[in-house]
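*Asks:* Here you go, upload.cif (mmCIF, C-alpha atoms, pLDDT in the B column; chains and numbers go by the auth columns):
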data_upload
loop_
_atom_site.group_PDB
_atom_site.id
_atom_site.type_symbol
_atom_site.label_atom_id
_atom_site.label_comp_id
_atom_site.label_asym_id
_atom_site.label_seq_id
_atom_site.Cartn_x
_atom_site.Cartn_y
_atom_site.Cartn_z
_atom_site.B_iso_or_equiv
_atom_site.auth_seq_id
_atom_site.auth_asym_id
ATOM 1 C CA MET A 1 -109.162 -32.312 -76.609 58.00 272 A
ATOM 2 C CA ASP A 2 -108.527 -28.630 -76.665 61.00 273 A
ATOM 3 C CA GLY A 3 -106.042 -27.339 -74.090 67.00 274 A
ATOM 4 C CA LYS A 4 -108.296 -24.384 -73.304 74.00 275 A
ATOM 5 C CA ALA A 5 -110.912 -26.752 -71.908 73.00 276 A
ATOM 6 C CA LEU A 6 -108.548 -27.670 -69.083 70.00 277 A
ATOM 7 C CA LEU A 7 -108.631 -24.083 -67.835 77.00 278 A
ATOM 8 C CA GLU A 8 -112.416 -23.874 -67.598 81.00 279 A
ATOM 9 C CA PRO A 9 -113.899 -24.561 -64.152 81.00 280 A
ATOM 10 C CA MET A 10 -116.916 -26.414 -65.552 81.00 281 A
ATOM 11 C CA TYR A 11 -114.578 -28.982 -67.121 79.00 282 A
ATOM 12 C CA TRP A 12 -113.364 -29.968 -63.656 79.00 283 A
ATOM 13 C CA LEU A 13 -116.570 -29.422 -61.659 81.00 284 A
ATOM 14 C CA SER A 14 -119.072 -31.178 -63.909 80.00 285 A
ATOM 15 C CA LEU A 15 -120.839 -34.004 -62.039 79.00 286 A
ATOM 16 C CA ASN A 16 -121.577 -35.952 -65.212 77.00 287 A
ATOM 17 C CA PRO A 17 -118.464 -35.638 -67.404 78.00 288 A
ATOM 18 C CA GLY A 18 -117.995 -37.400 -70.686 78.00 289 A
ATOM 19 C CA PRO A 19 -115.794 -40.477 -70.925 81.00 290 A
ATOM 20 C CA LEU A 20 -112.034 -40.155 -70.750 80.00 291 A
ATOM 21 C CA SER A 21 -110.131 -40.888 -73.922 83.00 292 A
ATOM 22 C CA THR A 22 -107.988 -43.998 -74.135 88.00 293 A
ATOM 23 C CA ALA A 23 -104.782 -41.950 -74.044 89.00 294 A
ATOM 24 C CA TRP A 24 -105.859 -40.199 -70.823 85.00 295 A
ATOM 25 C CA MET A 25 -106.846 -43.547 -69.262 89.00 296 A
ATOM 26 C CA ILE A 26 -103.458 -45.057 -70.089 93.00 297 A
ATOM 27 C CA GLY A 27 -101.649 -41.954 -68.835 92.00 298 A
ATOM 28 C CA PHE A 28 -103.535 -41.989 -65.533 90.00 299 A
ATOM 29 C CA ALA A 29 -102.965 -45.737 -65.169 94.00 300 A
ATOM 30 C CA ILE A 30 -99.224 -45.212 -65.643 96.00 301 A
ATOM 31 C CA VAL A 31 -99.105 -42.426 -63.040 93.00 302 A
ATOM 32 C CA PHE A 32 -101.093 -44.424 -60.480 94.00 303 A
ATOM 33 C CA GLY A 33 -99.093 -47.559 -61.269 95.00 304 A
ATOM 34 C CA ILE A 34 -95.857 -45.689 -60.605 95.00 305 A
ATOM 35 C CA GLY A 35 -97.224 -44.852 -57.152 93.00 306 A
ATOM 36 C CA ILE A 36 -97.911 -48.531 -56.431 94.00 307 A
ATOM 37 C CA LEU A 37 -94.489 -49.568 -57.776 95.00 308 A
ATOM 38 C CA ALA A 38 -92.796 -46.890 -55.672 93.00 309 A
ATOM 39 C CA ALA A 39 -94.535 -48.286 -52.594 93.00 310 A
ATOM 40 C CA ALA A 40 -93.361 -51.794 -53.489 94.00 311 A
ATOM 41 C CA ALA A 41 -89.804 -50.543 -53.989 94.00 312 A
ATOM 42 C CA LEU A 42 -89.868 -48.746 -50.638 91.00 313 A
ATOM 43 C CA TRP A 43 -91.183 -51.900 -48.985 92.00 314 A
ATOM 44 C CA GLY A 44 -88.272 -53.851 -50.501 92.00 315 A
ATOM 45 C CA VAL A 45 -85.751 -51.282 -49.306 89.00 316 A
ATOM 46 C CA LEU A 46 -87.208 -51.348 -45.795 87.00 317 A
ATOM 47 C CA PHE A 47 -87.376 -55.127 -45.695 88.00 318 A
ATOM 48 C CA PHE A 48 -83.915 -55.942 -47.050 88.00 319 A
ATOM 49 C CA LYS A 49 -81.837 -52.904 -46.036 85.00 320 A
ATOM 50 C CA ALA A 50 -83.511 -51.880 -42.764 78.00 321 A
ATOM 51 C CA LYS A 51 -80.366 -52.168 -40.644 82.00 322 A
ATOM 52 C CA LYS A 52 -78.485 -49.609 -42.724 85.00 323 A
ATOM 53 C CA PHE A 53 -80.859 -46.742 -41.885 82.00 324 A
ATOM 54 C CA ASP A 54 -81.330 -44.859 -38.651 78.00 325 A
ATOM 55 C CA LYS A 55 -84.767 -44.517 -37.080 78.00 326 A
ATOM 56 C CA PRO A 56 -85.874 -41.199 -38.662 78.00 327 A
ATOM 57 C CA VAL A 57 -84.993 -42.422 -42.154 81.00 328 A
ATOM 58 C CA LYS A 58 -86.965 -45.626 -41.572 85.00 329 A
ATOM 59 C CA ARG A 59 -89.949 -43.604 -40.394 85.00 330 A
ATOM 60 C CA LEU A 60 -89.690 -41.361 -43.451 86.00 331 A
ATOM 61 C CA LEU A 61 -89.542 -44.350 -45.799 88.00 332 A
ATOM 62 C CA LYS A 62 -92.591 -45.858 -44.093 90.00 333 A
ATOM 63 C CA ARG A 63 -94.480 -42.575 -44.476 90.00 334 A
ATOM 64 C CA LEU A 64 -93.520 -42.373 -48.149 91.00 335 A
ATOM 65 C CA ARG A 65 -94.585 -45.983 -48.679 93.00 336 A
ATOM 66 C CA PHE A 66 -97.962 -45.322 -47.062 93.00 337 A
ATOM 67 C CA SER A 67 -98.467 -42.164 -49.105 92.00 338 A
ATOM 68 C CA SER A 68 -97.554 -43.898 -52.369 93.00 339 A
ATOM 69 C CA VAL A 69 -99.773 -46.914 -51.892 94.00 340 A
ATOM 70 C CA THR A 70 -102.717 -44.861 -50.626 93.00 341 A
ATOM 71 C CA LEU A 71 -102.626 -42.375 -53.479 93.00 342 A
ATOM 72 C CA GLY A 72 -102.012 -45.104 -56.054 94.00 343 A
ATOM 73 C CA LEU A 73 -104.982 -47.176 -54.879 94.00 344 A
ATOM 74 C CA LEU A 74 -107.257 -44.142 -54.622 93.00 345 A
ATOM 75 C CA GLY A 75 -106.197 -43.156 -58.119 92.00 346 A
ATOM 76 C CA PHE A 76 -106.995 -46.602 -59.508 93.00 347 A
ATOM 77 C CA LEU A 77 -110.354 -46.506 -57.734 92.00 348 A
ATOM 78 C CA TRP A 78 -111.168 -43.165 -59.365 89.00 349 A
ATOM 79 C CA LEU A 79 -109.945 -44.460 -62.724 90.00 350 A
ATOM 80 C CA GLY A 80 -112.196 -47.515 -62.506 90.00 351 A
ATOM 81 C CA LEU A 81 -115.185 -45.377 -61.568 87.00 352 A
ATOM 82 C CA ALA A 82 -114.401 -42.959 -64.381 86.00 353 A
ATOM 83 C CA TYR A 83 -114.192 -45.871 -66.826 88.00 354 A
ATOM 84 C CA GLU A 84 -117.600 -47.115 -65.717 88.00 355 A
ATOM 85 C CA MET A 85 -118.912 -43.505 -65.926 84.00 356 A
ATOM 86 C CA ILE A 86 -120.745 -43.575 -62.595 83.00 357 A
ATOM 87 C CA PRO A 87 -122.199 -40.036 -62.403 80.00 358 A
ATOM 88 C CA LEU A 88 -120.918 -38.621 -59.104 82.00 359 A
ATOM 89 C CA PHE A 89 -117.852 -40.780 -58.558 81.00 360 A
ATOM 90 C CA SER A 90 -116.429 -40.380 -62.051 80.00 361 A
ATOM 91 C CA ALA A 91 -116.363 -36.588 -61.810 83.00 362 A
ATOM 92 C CA ARG A 92 -113.080 -34.921 -62.610 84.00 363 A
ATOM 93 C CA PHE A 93 -112.965 -32.964 -59.369 86.00 364 A
ATOM 94 C CA TRP A 94 -111.924 -36.221 -57.657 87.00 365 A
ATOM 95 C CA PHE A 95 -108.718 -36.024 -59.658 87.00 366 A
ATOM 96 C CA VAL A 96 -108.240 -32.451 -58.465 88.00 367 A
ATOM 97 C CA LEU A 97 -108.732 -33.675 -54.890 91.00 368 A
ATOM 98 C CA TRP A 98 -106.228 -36.468 -55.571 91.00 369 A
ATOM 99 C CA CYS A 99 -103.686 -33.864 -56.745 91.00 370 A
ATOM 100 C CA MET A 100 -104.356 -31.831 -53.601 93.00 371 A
ATOM 101 C CA GLY A 101 -103.719 -34.998 -51.564 93.00 372 A
ATOM 102 C CA VAL A 102 -100.380 -35.460 -53.322 93.00 373 A
ATOM 103 C CA VAL A 103 -99.394 -31.887 -52.481 95.00 374 A
ATOM 104 C CA TYR A 104 -100.594 -32.221 -48.872 95.00 375 A
ATOM 105 C CA LEU A 105 -98.736 -35.485 -48.221 92.00 376 A
ATOM 106 C CA SER A 106 -95.608 -34.131 -49.909 91.00 377 A
ATOM 107 C CA ILE A 107 -95.657 -31.070 -47.652 93.00 378 A
ATOM 108 C CA GLN A 108 -96.200 -33.275 -44.592 91.00 379 A
ATOM 109 C CA ASN A 109 -93.238 -35.479 -45.545 89.00 380 A
ATOM 110 C CA ILE A 110 -90.999 -32.474 -46.173 90.00 381 A
ATOM 111 C CA ARG A 111 -91.959 -31.006 -42.793 89.00 382 A
ATOM 112 C CA PHE A 112 -91.274 -34.394 -41.213 87.00 383 A
ATOM 113 C CA ILE A 113 -87.796 -34.423 -42.753 85.00 384 A
ATOM 114 C CA GLN A 114 -86.991 -30.924 -41.556 85.00 385 A
ATOM 115 C CA ILE A 115 -88.417 -31.182 -38.038 85.00 386 A
ATOM 116 C CA ASP A 116 -87.874 -34.791 -36.998 80.00 387 A
ATOM 117 C CA ARG A 117 -84.389 -35.070 -38.437 78.00 388 A
ATOM 118 C CA ALA A 118 -83.257 -31.923 -36.608 80.00 389 A
ATOM 119 C CA LEU A 119 -84.837 -33.068 -33.334 84.00 390 A
ATOM 120 C CA THR A 120 -83.199 -36.480 -33.586 81.00 391 A
ATOM 121 C CA GLN A 121 -79.770 -35.023 -34.297 80.00 392 A
ATOM 122 C CA ASN A 122 -80.131 -32.607 -31.368 84.00 393 A
ATOM 123 C CA ARG A 123 -81.257 -35.413 -29.054 86.00 394 A
ATOM 124 C CA ASP A 124 -78.306 -37.596 -30.113 83.00 395 A
ATOM 125 C CA MET A 125 -75.825 -34.790 -29.485 86.00 396 A
ATOM 126 C CA VAL A 126 -77.233 -34.175 -25.984 88.00 397 A
ATOM 127 C CA ARG A 127 -77.127 -37.915 -25.223 86.00 398 A
ATOM 128 C CA LEU A 128 -73.488 -38.172 -26.348 85.00 399 A
ATOM 129 C CA GLU A 129 -72.553 -35.155 -24.220 87.00 400 A
ATOM 130 C CA LYS A 130 -74.114 -36.781 -21.158 84.00 401 A
ATOM 131 C CA GLU A 131 -72.586 -40.194 -21.843 82.00 402 A
ATOM 132 C CA LYS A 132 -69.023 -38.930 -21.940 80.00 403 A
ATOM 133 C CA TYR A 133 -69.263 -38.204 -18.200 79.00 404 A
ATOM 134 C CA LEU A 134 -70.831 -41.545 -17.287 77.00 405 A
ATOM 135 C CA PHE A 135 -68.928 -44.663 -16.384 78.00 406 A
ATOM 136 C CA LYS A 136 -68.344 -47.108 -19.179 75.00 407 A
ATOM 137 C CA LYS A 137 -68.918 -50.836 -18.835 75.00 408 A
ATOM 138 C CA LYS A 138 -65.698 -52.782 -18.333 71.00 409 A
ATOM 139 C CA LYS A 139 -64.788 -55.351 -20.933 67.00 410 A
#
For this file, write the structure as structure tokens.

*Replies:*
Amino acid sequence: MDGKALLEPMYWLSLNPGPLSTAWMIGFAIVFGIGILAAAALWGVLFFKAKKFDKPVKRLLKRLRFSSVTLGLLGFLWLGLAYEMIPLFSARFWFVLWCMGVVYLSIQNIRFIQIDRALTQNRDMVRLEKEKYLFKKKK
């Protein structure tokens, strides 16, 4: 395939594209498989090491796990439809939408890290300031 074809809009917007080459199919399968494996790894981390993380980190790992498994499964669905060459569902613009989903979920997770982490730290500092004036439970 010529690299110039990737820059043409009709390559991506054609409703009845030609079949993907074997190399592209394997490459896409590897990328989508990495997403599924990342979700499995995050599940293992959350299941076995959950007590080591504070609440915002656990929530972030759960969000990342959901994003990875969702995008991996959607990618495999598109890949299967592209392999079967079903006219509308095998179109390449679904891959463009998948890439936009990756960018969107990445931005959402980055915003979650910046906002929620700061709010949690601020809330913990206020709680500790209040608790130093409260009576402590006797041992």

*Asks:* So how many Å separate CA of Arg382 in chain A and CA of Leu332 in chain A, to one decimal?

*Replies:* 13.9 Å

*Asks:* Which of these, A:Trp295, A:Phe360, A:Phe337, A:Tyr354, has the shortest distance to Leu313 in chain A once you count only C-alpha atoms?

*Replies:*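 Smallest distance to Leu313 in chain A is found for A:Phe337.
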
*Asks:* Using all atoms of range 362-372 of chain A that appear in the file, construct an axis-aligned enclosing box with 5 Å of padding on every side and provide its centre coordinates and edge lengths in Å, rounded to one decimal, as JSON.

*Replies:*
{"center_x": -110.0, "center_y": -34.2, "center_z": -57.1, "size_x": 22.7, "size_y": 14.8, "size_z": 21.0}

*Asks:* Can you work out which one of A:Thr293, A:Ser339, A:Thr391, A:Gln379 has the shortest atom-to-atom distance to Ala310 in chain A, counting only C-alpha atoms?

*Replies:*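 Going through A:Thr293, A:Ser339, A:Thr391, A:Gln379 one by one, the smallest distance to Ala310 in chain A is for A:Ser339.
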
*Asks:* With distances taken over all atoms listed in the file, which of A:Ala389, A:Val340, A:Leu368, A:Leu350 is nearest to Ile297 in chain A?

*Replies:*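 Closest to Ile297 in chain A of all the choices is A:Leu350.
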
*Asks:* Evaluate the PyMOL selection byres ((chain A and resi 333) around 12) against this structure - the residues, as a list in words, please.

*Replies:* Ala309, Ala310, Ala311, Ala312, Leu313, Trp314, Gly315, Val316, Leu317, Phe318, Ala321, Phe324, Lys326, Pro327, Val328, Lys329, Arg330, Leu331, Leu332, Arg334, Leu335, Arg336, Phe337, Ser338, Ser339, Val340, Asn380 and Phe383 of chain A

*Asks:* May I have the protein, DNA and RNA residues with any atom at most 12 Å from the point (-100.0, -47.9, -62.2), counting all atoms listed in the file, written as a PyMOL selection string?

*Replies:* chain A and resi 296-311+339-340+342-348+350

*Asks:* Take range 295-331 of chain A, model N, CA and C atoms, and hand the result over as a PDB file, in the coordinates of the input.

*Replies:*
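Okay, rebuild.pdb is ready:
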ATOM      1  N   TRP A 295    -105.808 -40.706 -72.199  1.00 85.00           N
ATOM      2  CA  TRP A 295    -105.859 -40.199 -70.823  1.00 85.00           C
ATOM      3  C   TRP A 295    -105.940 -41.356 -69.834  1.00 85.00           C
ATOM      4  N   MET A 296    -106.720 -42.385 -70.155  1.00 89.00           N
ATOM      5  CA  MET A 296    -106.846 -43.547 -69.262  1.00 89.00           C
ATOM      6  C   MET A 296    -105.491 -44.231 -69.077  1.00 89.00           C
ATOM      7  N   ILE A 297    -104.776 -44.416 -70.172  1.00 93.00           N
ATOM      8  CA  ILE A 297    -103.458 -45.057 -70.089  1.00 93.00           C
ATOM      9  C   ILE A 297    -102.495 -44.175 -69.308  1.00 93.00           C
ATOM     10  N   GLY A 298    -102.532 -42.870 -69.569  1.00 92.00           N
ATOM     11  CA  GLY A 298    -101.649 -41.954 -68.835  1.00 92.00           C
ATOM     12  C   GLY A 298    -101.917 -41.971 -67.338  1.00 92.00           C
ATOM     13  N   PHE A 299    -103.192 -41.922 -66.949  1.00 90.00           N
ATOM     14  CA  PHE A 299    -103.535 -41.989 -65.533  1.00 90.00           C
ATOM     15  C   PHE A 299    -103.121 -43.331 -64.930  1.00 90.00           C
ATOM     16  N   ALA A 300    -103.341 -44.414 -65.669  1.00 94.00           N
ATOM     17  CA  ALA A 300    -102.965 -45.737 -65.169  1.00 94.00           C
ATOM     18  C   ALA A 300    -101.454 -45.822 -64.940  1.00 94.00           C
ATOM     19  N   ILE A 301    -100.678 -45.213 -65.812  1.00 96.00           N
ATOM     20  CA  ILE A 301     -99.224 -45.212 -65.643  1.00 96.00           C
ATOM     21  C   ILE A 301     -98.832 -44.425 -64.395  1.00 96.00           C
ATOM     22  N   VAL A 302     -99.432 -43.255 -64.208  1.00 93.00           N
ATOM     23  CA  VAL A 302     -99.105 -42.426 -63.040  1.00 93.00           C
ATOM     24  C   VAL A 302     -99.471 -43.152 -61.742  1.00 93.00           C
ATOM     25  N   PHE A 303    -100.672 -43.729 -61.693  1.00 94.00           N
ATOM     26  CA  PHE A 303    -101.093 -44.424 -60.480  1.00 94.00           C
ATOM     27  C   PHE A 303    -100.284 -45.709 -60.275  1.00 94.00           C
ATOM     28  N   GLY A 304     -99.929 -46.362 -61.365  1.00 95.00           N
ATOM     29  CA  GLY A 304     -99.093 -47.559 -61.269  1.00 95.00           C
ATOM     30  C   GLY A 304     -97.702 -47.248 -60.745  1.00 95.00           C
ATOM     31  N   ILE A 305     -97.162 -46.104 -61.128  1.00 95.00           N
ATOM     32  CA  ILE A 305     -95.857 -45.689 -60.605  1.00 95.00           C
ATOM     33  C   ILE A 305     -95.929 -45.509 -59.089  1.00 95.00           C
ATOM     34  N   GLY A 306     -97.054 -44.981 -58.603  1.00 93.00           N
ATOM     35  CA  GLY A 306     -97.224 -44.852 -57.152  1.00 93.00           C
ATOM     36  C   GLY A 306     -97.211 -46.203 -56.456  1.00 93.00           C
ATOM     37  N   ILE A 307     -97.895 -47.189 -57.019  1.00 94.00           N
ATOM     38  CA  ILE A 307     -97.911 -48.531 -56.431  1.00 94.00           C
ATOM     39  C   ILE A 307     -96.521 -49.165 -56.510  1.00 94.00           C
ATOM     40  N   LEU A 308     -95.834 -49.014 -57.639  1.00 95.00           N
ATOM     41  CA  LEU A 308     -94.489 -49.568 -57.776  1.00 95.00           C
ATOM     42  C   LEU A 308     -93.498 -48.889 -56.833  1.00 95.00           C
ATOM     43  N   ALA A 309     -93.663 -47.595 -56.622  1.00 93.00           N
ATOM     44  CA  ALA A 309     -92.796 -46.890 -55.672  1.00 93.00           C
ATOM     45  C   ALA A 309     -93.006 -47.437 -54.263  1.00 93.00           C
ATOM     46  N   ALA A 310     -94.254 -47.708 -53.907  1.00 93.00           N
ATOM     47  CA  ALA A 310     -94.535 -48.286 -52.594  1.00 93.00           C
ATOM     48  C   ALA A 310     -93.907 -49.666 -52.461  1.00 93.00           C
ATOM     49  N   ALA A 311     -93.975 -50.461 -53.523  1.00 94.00           N
ATOM     50  CA  ALA A 311     -93.361 -51.794 -53.489  1.00 94.00           C
ATOM     51  C   ALA A 311     -91.836 -51.691 -53.365  1.00 94.00           C
ATOM     52  N   ALA A 312     -91.253 -50.736 -54.078  1.00 94.00           N
ATOM     53  CA  ALA A 312     -89.804 -50.543 -53.989  1.00 94.00           C
ATOM     54  C   ALA A 312     -89.398 -50.091 -52.589  1.00 94.00           C
ATOM     55  N   LEU A 313     -90.174 -49.192 -51.998  1.00 91.00           N
ATOM     56  CA  LEU A 313     -89.868 -48.746 -50.638  1.00 91.00           C
ATOM     57  C   LEU A 313     -90.031 -49.885 -49.637  1.00 91.00           C
ATOM     58  N   TRP A 314     -91.025 -50.734 -49.856  1.00 92.00           N
ATOM     59  CA  TRP A 314     -91.183 -51.900 -48.985  1.00 92.00           C
ATOM     60  C   TRP A 314     -89.955 -52.804 -49.089  1.00 92.00           C
ATOM     61  N   GLY A 315     -89.465 -53.023 -50.314  1.00 92.00           N
ATOM     62  CA  GLY A 315     -88.272 -53.851 -50.501  1.00 92.00           C
ATOM     63  C   GLY A 315     -87.048 -53.255 -49.833  1.00 92.00           C
ATOM     64  N   VAL A 316     -86.891 -51.951 -49.953  1.00 89.00           N
ATOM     65  CA  VAL A 316     -85.751 -51.282 -49.306  1.00 89.00           C
ATOM     66  C   VAL A 316     -85.854 -51.432 -47.793  1.00 89.00           C
ATOM     67  N   LEU A 317     -87.038 -51.228 -47.249  1.00 87.00           N
ATOM     68  CA  LEU A 317     -87.208 -51.348 -45.795  1.00 87.00           C
ATOM     69  C   LEU A 317     -87.025 -52.778 -45.325  1.00 87.00           C
ATOM     70  N   PHE A 318     -87.449 -53.733 -46.116  1.00 88.00           N
ATOM     71  CA  PHE A 318     -87.376 -55.127 -45.695  1.00 88.00           C
ATOM     72  C   PHE A 318     -85.950 -55.663 -45.766  1.00 88.00           C
ATOM     73  N   PHE A 319     -85.232 -55.354 -46.840  1.00 88.00           N
ATOM     74  CA  PHE A 319     -83.915 -55.942 -47.050  1.00 88.00           C
ATOM     75  C   PHE A 319     -82.762 -55.089 -46.533  1.00 88.00           C
ATOM     76  N   LYS A 320     -82.935 -53.796 -46.432  1.00 85.00           N
ATOM     77  CA  LYS A 320     -81.837 -52.904 -46.036  1.00 85.00           C
ATOM     78  C   LYS A 320     -82.159 -52.123 -44.764  1.00 85.00           C
ATOM     79  N   ALA A 321     -83.027 -52.634 -43.924  1.00 78.00           N
ATOM     80  CA  ALA A 321     -83.511 -51.880 -42.764  1.00 78.00           C
ATOM     81  C   ALA A 321     -82.398 -51.545 -41.777  1.00 78.00           C
ATOM     82  N   LYS A 322     -81.411 -52.400 -41.642  1.00 82.00           N
ATOM     83  CA  LYS A 322     -80.366 -52.168 -40.644  1.00 82.00           C
ATOM     84  C   LYS A 322     -79.414 -51.042 -41.021  1.00 82.00           C
ATOM     85  N   LYS A 323     -79.410 -50.650 -42.278  1.00 85.00           N
ATOM     86  CA  LYS A 323     -78.485 -49.609 -42.724  1.00 85.00           C
ATOM     87  C   LYS A 323     -78.993 -48.200 -42.424  1.00 85.00           C
ATOM     88  N   PHE A 324     -80.269 -48.066 -42.096  1.00 82.00           N
ATOM     89  CA  PHE A 324     -80.859 -46.742 -41.885  1.00 82.00           C
ATOM     90  C   PHE A 324     -81.095 -46.482 -40.414  1.00 82.00           C
ATOM     91  N   ASP A 325     -80.989 -45.212 -40.020  1.00 78.00           N
ATOM     92  CA  ASP A 325     -81.330 -44.859 -38.651  1.00 78.00           C
ATOM     93  C   ASP A 325     -82.851 -44.693 -38.550  1.00 78.00           C
ATOM     94  N   LYS A 326     -83.321 -44.505 -37.339  1.00 78.00           N
ATOM     95  CA  LYS A 326     -84.767 -44.517 -37.080  1.00 78.00           C
ATOM     96  C   LYS A 326     -85.552 -43.448 -37.846  1.00 78.00           C
ATOM     97  N   PRO A 327     -85.089 -42.195 -37.914  1.00 78.00           N
ATOM     98  CA  PRO A 327     -85.874 -41.199 -38.662  1.00 78.00           C
ATOM     99  C   PRO A 327     -85.992 -41.523 -40.153  1.00 78.00           C
ATOM    100  N   VAL A 328     -84.936 -42.074 -40.731  1.00 81.00           N
ATOM    101  CA  VAL A 328     -84.993 -42.422 -42.154  1.00 81.00           C
ATOM    102  C   VAL A 328     -85.986 -43.563 -42.371  1.00 81.00           C
ATOM    103  N   LYS A 329     -85.988 -44.535 -41.470  1.00 85.00           N
ATOM    104  CA  LYS A 329     -86.965 -45.626 -41.572  1.00 85.00           C
ATOM    105  C   LYS A 329     -88.390 -45.093 -41.474  1.00 85.00           C
ATOM    106  N   ARG A 330     -88.605 -44.180 -40.537  1.00 85.00           N
ATOM    107  CA  ARG A 330     -89.949 -43.604 -40.394  1.00 85.00           C
ATOM    108  C   ARG A 330     -90.344 -42.828 -41.643  1.00 85.00           C
ATOM    109  N   LEU A 331     -89.398 -42.100 -42.225  1.00 86.00           N
ATOM    110  CA  LEU A 331     -89.690 -41.361 -43.451  1.00 86.00           C
ATOM    111  C   LEU A 331     -90.029 -42.319 -44.589  1.00 86.00           C
TER     112      LEU A 331
END
